[in-house]
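K.L.:
The file below is target.pdb, PDB, C-alpha atoms:
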ATOM      1  CA  MET A   4     186.529 229.298 135.593
ATOM      2  CA  LYS A   5     183.798 228.585 138.116
ATOM      3  CA  LYS A   6     185.309 228.472 141.607
ATOM      4  CA  ILE A   7     183.609 226.043 143.970
ATOM      5  CA  THR A   8     185.253 227.919 146.845
ATOM      6  CA  GLU A   9     183.339 231.063 145.811
ATOM      7  CA  SER A  10     179.981 229.330 145.313
ATOM      8  CA  ASP A  11     177.021 230.452 147.414
ATOM      9  CA  SER A  12     176.688 228.839 150.817
ATOM     10  CA  HIS A  13     174.058 226.123 151.253
ATOM     11  CA  TYR A  14     172.727 228.267 154.110
ATOM     12  CA  ASN A  15     171.143 231.710 154.025
ATOM     13  CA  HIS A  16     169.961 234.382 156.448
ATOM     14  CA  LEU A  17     172.829 233.468 158.768
ATOM     15  CA  GLU A  18     172.266 236.581 160.867
ATOM     16  CA  GLN A  19     168.781 235.300 161.737
ATOM     17  CA  MET A  20     169.984 231.912 162.995
ATOM     18  CA  LYS A  21     170.227 231.070 166.668
ATOM     19  CA  VAL A  22     173.796 230.656 167.942
ATOM     20  CA  LYS A  23     173.327 226.910 168.425
ATOM     21  CA  ASP A  24     172.036 226.521 164.867
ATOM     22  CA  ILE A  25     175.038 228.413 163.471
ATOM     23  CA  LEU A  26     177.416 226.184 165.432
ATOM     24  CA  ASN A  27     175.651 222.967 164.411
ATOM     25  CA  ASN A  28     175.624 223.991 160.758
ATOM     26  CA  ILE A  29     179.308 224.920 160.742
ATOM     27  CA  ASN A  30     180.086 221.582 162.376
ATOM     28  CA  ARG A  31     177.931 219.782 159.796
ATOM     29  CA  GLU A  32     179.980 221.358 157.014
ATOM     30  CA  ASP A  33     183.295 220.701 158.769
ATOM     31  CA  ARG A  34     182.527 216.965 158.921
ATOM     32  CA  LYS A  35     182.707 216.850 155.124
ATOM     33  CA  VAL A  36     186.366 217.899 155.101
ATOM     34  CA  PRO A  37     188.172 214.671 156.154
ATOM     35  CA  LEU A  38     186.023 212.709 153.698
ATOM     36  CA  ALA A  39     187.171 215.012 150.897
ATOM     37  CA  VAL A  40     190.812 214.681 152.031
ATOM     38  CA  ALA A  41     190.519 210.874 151.977
ATOM     39  CA  LYS A  42     189.839 210.987 148.232
ATOM     40  CA  GLU A  43     193.278 212.575 147.674
ATOM     41  CA  ILE A  44     195.423 210.145 149.685
ATOM     42  CA  SER A  45     196.820 208.502 146.556
ATOM     43  CA  MET A  46     198.229 211.825 145.295
ATOM     44  CA  ILE A  47     199.415 212.793 148.785
ATOM     45  CA  GLU A  48     201.274 209.463 148.933
ATOM     46  CA  LYS A  49     203.036 210.143 145.620
ATOM     47  CA  LEU A  50     204.130 213.592 146.744
ATOM     48  CA  VAL A  51     205.310 212.363 150.159
ATOM     49  CA  ASN A  52     207.452 209.665 148.536
ATOM     50  CA  ILE A  53     209.068 212.301 146.322
ATOM     51  CA  ILE A  54     209.748 214.595 149.306
ATOM     52  CA  VAL A  55     211.282 211.788 151.381
ATOM     53  CA  GLY A  56     213.593 210.829 148.533
ATOM     54  CA  LYS A  57     214.678 214.430 147.982
ATOM     55  CA  MET A  58     215.256 215.101 151.682
ATOM     56  CA  LYS A  59     217.379 211.977 152.052
ATOM     57  CA  THR A  60     219.796 213.536 149.562
ATOM     58  CA  GLY A  61     219.870 216.956 151.255
ATOM     59  CA  GLY A  62     216.797 218.554 149.701
ATOM     60  CA  ARG A  63     214.348 220.894 151.403
ATOM     61  CA  LEU A  64     210.575 221.316 151.423
ATOM     62  CA  PHE A  65     209.092 224.725 150.629
ATOM     63  CA  TYR A  66     205.498 225.828 151.177
ATOM     64  CA  ILE A  67     204.407 228.963 149.356
ATOM     65  CA  GLY A  68     201.075 230.756 149.673
ATOM     66  CA  ALA A  69     199.206 233.977 150.364
ATOM     67  CA  GLY A  70     196.872 234.984 153.180
ATOM     68  CA  THR A  71     195.446 232.082 155.180
ATOM     69  CA  SER A  72     197.123 229.551 152.887
ATOM     70  CA  GLY A  73     200.526 231.143 153.402
ATOM     71  CA  ARG A  74     200.045 231.303 157.169
ATOM     72  CA  LEU A  75     199.119 227.616 157.313
ATOM     73  CA  GLY A  76     202.302 226.714 155.429
ATOM     74  CA  ILE A  77     204.421 228.814 157.784
ATOM     75  CA  LEU A  78     202.720 227.201 160.790
ATOM     76  CA  ASP A  79     203.475 223.694 159.560
ATOM     77  CA  ALA A  80     207.076 224.557 158.649
ATOM     78  CA  SER A  81     207.757 226.307 161.964
ATOM     79  CA  GLU A  82     206.582 223.308 163.971
ATOM     80  CA  CYS A  83     208.930 220.789 162.336
ATOM     81  CA  PRO A  84     212.166 221.745 164.200
ATOM     82  CA  PRO A  85     210.711 221.702 167.737
ATOM     83  CA  THR A  86     208.594 218.609 167.091
ATOM     84  CA  TYR A  87     211.087 216.482 165.186
ATOM     85  CA  GLY A  88     214.447 218.082 165.932
ATOM     86  CA  VAL A  89     215.226 218.802 162.276
ATOM     87  CA  PRO A  90     217.404 221.824 161.412
ATOM     88  CA  GLN A  91     215.832 225.226 160.821
ATOM     89  CA  GLY A  92     215.575 225.668 157.065
ATOM     90  CA  MET A  93     214.768 222.059 156.218
ATOM     91  CA  VAL A  94     211.070 222.940 155.871
ATOM     92  CA  ILE A  95     210.421 226.558 154.866
ATOM     93  CA  GLY A  96     207.167 228.493 154.635
ATOM     94  CA  LEU A  97     206.877 231.578 152.424
ATOM     95  CA  ILE A  98     204.000 234.046 152.329
ATOM     96  CA  ALA A  99     203.164 236.795 149.856
ATOM     97  CA  GLY A 100     204.113 240.108 151.435
ATOM     98  CA  GLY A 101     206.854 238.630 153.616
ATOM     99  CA  ASP A 102     206.887 238.069 157.370
ATOM    100  CA  LYS A 103     204.755 241.140 158.136
ATOM    101  CA  ALA A 104     201.919 239.451 156.211
ATOM    102  CA  ILE A 105     201.778 236.701 158.840
ATOM    103  CA  ARG A 106     199.906 239.037 161.192
ATOM    104  CA  LYS A 107     198.479 241.665 158.886
ATOM    105  CA  ALA A 108     197.310 241.547 155.277
ATOM    106  CA  VAL A 109     199.659 243.230 152.800
ATOM    107  CA  GLU A 110     197.522 244.733 150.037
ATOM    108  CA  PHE A 111     197.923 243.278 146.530
ATOM    109  CA  SER A 112     201.020 241.270 147.488
ATOM    110  CA  GLU A 113     199.445 238.072 146.186
ATOM    111  CA  ASP A 114     198.899 239.587 142.725
ATOM    112  CA  ASP A 115     202.597 239.685 141.743
ATOM    113  CA  THR A 116     203.368 236.735 139.442
ATOM    114  CA  GLU A 117     207.155 237.155 139.787
ATOM    115  CA  GLN A 118     207.605 237.713 143.535
ATOM    116  CA  GLY A 119     207.071 234.091 144.528
ATOM    117  CA  TRP A 120     209.967 232.976 142.364
ATOM    118  CA  LYS A 121     212.126 235.824 143.677
ATOM    119  CA  ASP A 122     211.354 234.737 147.244
ATOM    120  CA  LEU A 123     212.327 231.146 146.434
ATOM    121  CA  LYS A 124     215.546 232.239 144.710
ATOM    122  CA  SER A 125     216.586 234.101 147.866
ATOM    123  CA  TYR A 126     216.872 230.626 149.445
ATOM    124  CA  LYS A 127     218.988 229.336 146.550
ATOM    125  CA  ILE A 128     216.235 226.960 145.455
ATOM    126  CA  SER A 129     217.507 224.000 143.411
ATOM    127  CA  GLN A 130     216.415 220.738 141.806
ATOM    128  CA  LYS A 131     217.131 218.979 145.108
ATOM    129  CA  ASP A 132     214.121 220.760 146.650
ATOM    130  CA  VAL A 133     210.333 220.367 146.491
ATOM    131  CA  VAL A 134     207.911 223.309 146.356
ATOM    132  CA  ILE A 135     204.243 223.012 147.354
ATOM    133  CA  GLY A 136     201.944 225.864 146.394
ATOM    134  CA  ILE A 137     199.023 226.376 148.765
ATOM    135  CA  ALA A 138     196.020 228.229 147.343
ATOM    136  CA  ALA A 139     192.396 227.453 148.200
ATOM    137  CA  SER A 140     191.161 229.190 145.046
ATOM    138  CA  GLY A 141     193.999 227.818 142.935
ATOM    139  CA  THR A 142     194.323 231.133 141.142
ATOM    140  CA  THR A 143     196.702 233.157 143.355
ATOM    141  CA  PRO A 144     199.236 234.779 140.959
ATOM    142  CA  TYR A 145     202.032 234.758 143.563
ATOM    143  CA  VAL A 146     201.687 230.979 143.886
ATOM    144  CA  VAL A 147     200.902 230.064 140.276
ATOM    145  CA  GLY A 148     203.825 232.154 139.003
ATOM    146  CA  ALA A 149     206.225 230.496 141.429
ATOM    147  CA  ILE A 150     205.077 226.987 140.487
ATOM    148  CA  GLU A 151     205.425 227.781 136.772
ATOM    149  CA  ARG A 152     209.003 229.015 137.236
ATOM    150  CA  CYS A 153     209.874 225.996 139.369
ATOM    151  CA  ASN A 154     208.646 223.679 136.608
ATOM    152  CA  LYS A 155     210.775 225.526 134.034
ATOM    153  CA  ASN A 156     213.805 225.056 136.281
ATOM    154  CA  GLY A 157     213.279 221.340 136.866
ATOM    155  CA  ILE A 158     212.141 221.713 140.485
ATOM    156  CA  THR A 159     209.516 219.245 141.731
ATOM    157  CA  THR A 160     206.179 220.936 142.407
ATOM    158  CA  GLY A 161     202.979 220.066 144.223
ATOM    159  CA  CYS A 162     199.957 222.042 145.347
ATOM    160  CA  ILE A 163     197.097 221.982 147.812
ATOM    161  CA  THR A 164     193.938 223.578 146.443
ATOM    162  CA  CYS A 165     190.172 223.213 146.733
ATOM    163  CA  ASN A 166     189.174 224.042 143.161
ATOM    164  CA  PRO A 167     189.447 221.337 140.458
ATOM    165  CA  GLY A 168     190.721 222.592 137.132
ATOM    166  CA  SER A 169     192.275 225.695 138.694
ATOM    167  CA  PRO A 170     195.517 227.156 137.298
ATOM    168  CA  VAL A 171     197.648 225.870 140.173
ATOM    169  CA  ALA A 172     196.106 222.384 139.905
ATOM    170  CA  LYS A 173     196.899 222.336 136.186
ATOM    171  CA  THR A 174     200.430 223.661 136.712
ATOM    172  CA  ALA A 175     201.761 221.632 139.668
ATOM    173  CA  LYS A 176     203.219 218.213 138.859
ATOM    174  CA  TYR A 177     201.574 216.671 141.936
ATOM    175  CA  PRO A 178     198.238 218.464 142.490
ATOM    176  CA  ILE A 179     196.283 217.700 145.665
ATOM    177  CA  VAL A 180     192.740 218.910 145.050
ATOM    178  CA  VAL A 181     190.454 218.654 148.083
ATOM    179  CA  VAL A 182     186.935 219.576 146.981
ATOM    180  CA  VAL A 183     185.113 220.597 150.155
ATOM    181  CA  GLY A 184     182.288 222.503 148.474
ATOM    182  CA  PRO A 185     180.912 225.964 149.269
ATOM    183  CA  GLU A 186     181.856 227.569 152.571
ATOM    184  CA  PHE A 187     179.291 228.164 155.323
ATOM    185  CA  VAL A 188     179.996 231.884 154.938
ATOM    186  CA  THR A 189     180.226 232.316 151.169
ATOM    187  CA  GLY A 190     183.843 232.650 150.016
ATOM    188  CA  SER A 191     185.358 232.440 153.518
ATOM    189  CA  THR A 192     188.051 229.927 152.605
ATOM    190  CA  ARG A 193     189.666 230.123 156.035
ATOM    191  CA  MET A 194     186.858 227.750 157.058
ATOM    192  CA  LYS A 195     186.501 224.358 155.301
ATOM    193  CA  SER A 196     189.215 225.027 152.733
ATOM    194  CA  GLY A 197     191.656 226.125 155.434
ATOM    195  CA  THR A 198     190.808 223.062 157.510
ATOM    196  CA  ALA A 199     191.428 220.828 154.501
ATOM    197  CA  GLN A 200     194.801 222.461 153.847
ATOM    198  CA  LYS A 201     195.804 222.059 157.499
ATOM    199  CA  LEU A 202     194.867 218.369 157.484
ATOM    200  CA  VAL A 203     196.888 217.731 154.324
ATOM    201  CA  LEU A 204     199.887 219.653 155.660
ATOM    202  CA  ASN A 205     199.742 217.609 158.879
ATOM    203  CA  MET A 206     199.709 214.418 156.819
ATOM    204  CA  ILE A 207     202.601 215.474 154.592
ATOM    205  CA  SER A 208     205.019 216.726 157.243
ATOM    206  CA  SER A 209     204.221 214.022 159.799
ATOM    207  CA  THR A 210     204.592 211.192 157.288
ATOM    208  CA  VAL A 211     207.801 212.659 155.870
ATOM    209  CA  MET A 212     209.342 212.957 159.335
ATOM    210  CA  ILE A 213     208.313 209.414 160.255
ATOM    211  CA  LYS A 214     209.913 208.038 157.076
ATOM    212  CA  LEU A 215     213.060 210.076 157.776
ATOM    213  CA  GLY A 216     213.385 208.228 161.089
ATOM    214  CA  ARG A 217     212.354 211.110 163.326
ATOM    215  CA  VAL A 218     209.857 208.974 165.273
ATOM    216  CA  HIS A 219     210.645 205.899 167.385
ATOM    217  CA  GLY A 220     207.623 203.640 167.911
ATOM    218  CA  ASN A 221     205.067 206.409 168.146
ATOM    219  CA  LYS A 222     207.179 208.908 170.077
ATOM    220  CA  MET A 223     208.802 212.224 169.098
ATOM    221  CA  VAL A 224     212.252 211.189 170.293
ATOM    222  CA  ASP A 225     214.015 214.139 168.624
ATOM    223  CA  MET A 226     211.755 216.912 169.941
ATOM    224  CA  GLN A 227     213.473 219.998 171.318
ATOM    225  CA  LEU A 228     213.339 220.303 175.112
ATOM    226  CA  SER A 229     212.224 223.918 174.966
ATOM    227  CA  ASN A 230     209.853 224.035 177.952
ATOM    228  CA  ASN A 231     208.927 222.158 181.123
ATOM    229  CA  LYS A 232     206.039 220.316 179.457
ATOM    230  CA  LEU A 233     208.353 218.834 176.817
ATOM    231  CA  VAL A 234     211.005 217.963 179.400
ATOM    232  CA  ASP A 235     208.313 216.124 181.359
ATOM    233  CA  ARG A 236     207.099 214.345 178.230
ATOM    234  CA  GLY A 237     210.639 213.293 177.318
ATOM    235  CA  THR A 238     211.331 212.121 180.861
ATOM    236  CA  LYS A 239     208.239 209.910 180.815
ATOM    237  CA  MET A 240     209.228 208.440 177.448
ATOM    238  CA  ILE A 241     212.621 207.420 178.840
ATOM    239  CA  MET A 242     211.084 206.238 182.102
ATOM    240  CA  ARG A 243     208.737 203.841 180.261
ATOM    241  CA  GLU A 244     211.254 202.733 177.640
ATOM    242  CA  LEU A 245     214.091 201.999 180.067
ATOM    243  CA  LYS A 246     211.868 201.047 183.018
ATOM    244  CA  ILE A 247     213.593 203.415 185.436
ATOM    245  CA  SER A 248     212.391 206.014 187.930
ATOM    246  CA  TYR A 249     211.202 209.460 186.882
ATOM    247  CA  GLU A 250     214.101 211.118 188.703
ATOM    248  CA  LYS A 251     216.724 208.929 187.023
ATOM    249  CA  ALA A 252     215.087 209.369 183.617
ATOM    250  CA  LYS A 253     215.082 213.151 183.954
ATOM    251  CA  LYS A 254     218.713 213.192 185.060
ATOM    252  CA  LEU A 255     219.712 211.153 181.988
ATOM    253  CA  LEU A 256     217.623 213.353 179.696
ATOM    254  CA  MET A 257     219.266 216.497 181.011
ATOM    255  CA  GLU A 258     222.689 214.885 180.639
ATOM    256  CA  PHE A 259     222.294 213.787 177.019
ATOM    257  CA  GLY A 260     219.901 216.480 175.772
ATOM    258  CA  SER A 261     217.358 214.401 173.858
ATOM    259  CA  VAL A 262     215.251 211.274 174.216
ATOM    260  CA  ARG A 263     217.010 209.596 171.281
ATOM    261  CA  LYS A 264     220.534 210.286 172.557
ATOM    262  CA  THR A 265     219.579 209.055 176.019
ATOM    263  CA  MET A 266     218.253 205.782 174.627
ATOM    264  CA  ILE A 267     221.307 205.282 172.404
ATOM    265  CA  GLN A 268     223.716 205.932 175.278
ATOM    266  CA  HIS A 269     221.811 203.549 177.540
ATOM    267  CA  LYS A 270     221.910 200.768 174.908
ATOM    268  CA  ASN A 271     225.644 201.331 174.342
ATOM    269  CA  LYS A 272     226.328 201.061 178.079
ATOM    270  CA  LYS A 273     224.364 197.827 178.253
ATOM    271  CA  LYS A 274     226.425 196.352 175.406
ATOM    272  CA  LEU A 275     229.669 197.308 177.136
ATOM    273  CA  ARG A 276     228.572 195.527 180.299
ATOM    274  CA  GLN A 277     227.819 192.299 178.473
ATOM    275  CA  PRO A 278     230.603 189.654 178.663
TER     276      PRO A 278
END
Please express the file's structure as structure tokens.

P.N.:
Amino acid sequence: MKKITESDSHYNHLEQMKVKDILNNINREDRKVPLAVAKEISMIEKLVNIIVGKMKTGGRLFYIGAGTSGRLGILDASECPPTYGVPQGMVIGLIAGGDKAIRKAVEFSEDDTEQGWKDLKSYKISQKDVVIGIAASGTTPYVVGAIERCNKNGITTGCITCNPGSPVAKTAKYPIVVVVGPEFVTGSTRMKSGTAQKLVLNMISSTVMIKLGRVHGNKMVDMQLSNNKLVDRGTKMIMRELKISYEKAKKLLMEFGSVRKTMIQHKNKKKLRQP
């Protein structure tokens, strides 16, 4: 199979380019990525609708990948609880080689066709869940093997890849194939391919959380108040929504612990006061 992600760069003699030319050329290639993502919105929509339905009945979302792809899945999963206030373990990212592979490559870990399924089974994976394989090349054995076993066990599968006709694209029930073309540095899929994967992951998790009611208007009303910046953001949300002073808004936020709870309590108090 010819891998577009491994095709020769459109640029050569990179080491002879001026810094500004390198930067402009990378940027020129990066601008192609959102256009390629746009072509896959229909499939992303189908997968998101499946995930929302599964999560409404207690299902979970799993991302599984190796190297950069695995790290991007873990990043997206780890940001869901603080951003949207969902429980830890509702969105889970798995990487070939385990947690130590997040910071440092674990040699040959991605070549094991059985380990991905073993990793999923350790979370008691079931038909209530959805598994998305992330693999720029679409050939990663760790990912392909896991998706194959999920299919055999009736578990809904999707993938995010950048190679059409790749094994993972053929195996996943809902394949998202973002064809971004050759990388600026030949084969360096952490560049355009990684950017494409990140954009799609943003779209999936954000849309799922919105449809699960984790956003009010356009605000993250369930975000965890884990630092001063987020406390300030939450205070300003309440201040604008309830039209009260900053000091009063912050006091209410600290009392009730979240923007959503503060707003609900305020509305309930208003109802009680009405004759």

K.L.:
For the structure shown, which residues end up in the PyMOL selection byres ((chain A and resi 39) around 10)? Put them as a list in words, please?

P.N.:
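When the PyMOL selection byres ((chain A and resi 39) around 10) is applied to the shown file, the picked residues are Arg34, Lys35, Val36, Pro37, Leu38, Val40, Ala41, Lys42, Glu43, Ile44, Cys165, Val180, Val181, Val182, Val183, Gly184 and Ala199 of chain A.
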
K.L.:
State, in Å with one decimal place, the distance from CA of Gly76 (chain A) to CA of Arg263 (chain A).

P.N.:
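About the pair CA of Gly76 (chain A) and CA of Arg263 (chain A): they are 27.6 Å apart.
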
K.L.:
A:Ala172, A:Met212, A:Val262, A:Ile54: which is nearest Lys131 (chain A), counting only C-alpha atoms?

P.N.:
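Among A:Ala172, A:Met212, A:Val262, A:Ile54, it is A:Ile54 that comes nearest to Lys131 (chain A).
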
K.L.:
Could you state which residues are captured by the PyMOL selection byres ((chain A and resi 200) around 9) in this file, as number ranges by chain?

P.N.:
A: 40, 72, 75-76, 137-139, 163-165, 181, 195-199, 201-205

K.L.:
Would you kindly translate the PyMOL selection byres ((chain A and resi 85-96) around 6) into the concrete residues it picks from this file, as a ChimeraX atom specification?

P.N.:
/A:63-67,76-77,80,82-84,97,217,225-227

K.L.:
Counting all atoms listed in the file, note down every residue that has an atom within 10 Å of the point (181.4, 233.5, 153.4) (file coordinates), as a ChimeraX atom specification.

P.N.:
/A:8-12,185-194

K.L.:
In terms of the shortest atom-to-atom distance over only C-alpha atoms, which of A:Ile179, A:Ile105, A:Ile98, A:Leu123 is closest to Arg152 (chain A)?

P.N.:
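Under the stated criterion, the closest residue is A:Leu123.
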
K.L.:
So which residues touch Asn221 (chain A) within 12 Å, counting all atoms listed in the file, skipping near sequence neighbours fewer than 5 positions away, as number ranges by chain?

P.N.:
A: 209-210, 212-213, 216, 240, 244

K.L.:
Using all atoms listed in the file, which of A:Gly141, A:Gly100, A:Gly70, A:Gly62 sits nearest Ile128 (chain A)?

P.N.:
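Closest candidate: A:Gly62.
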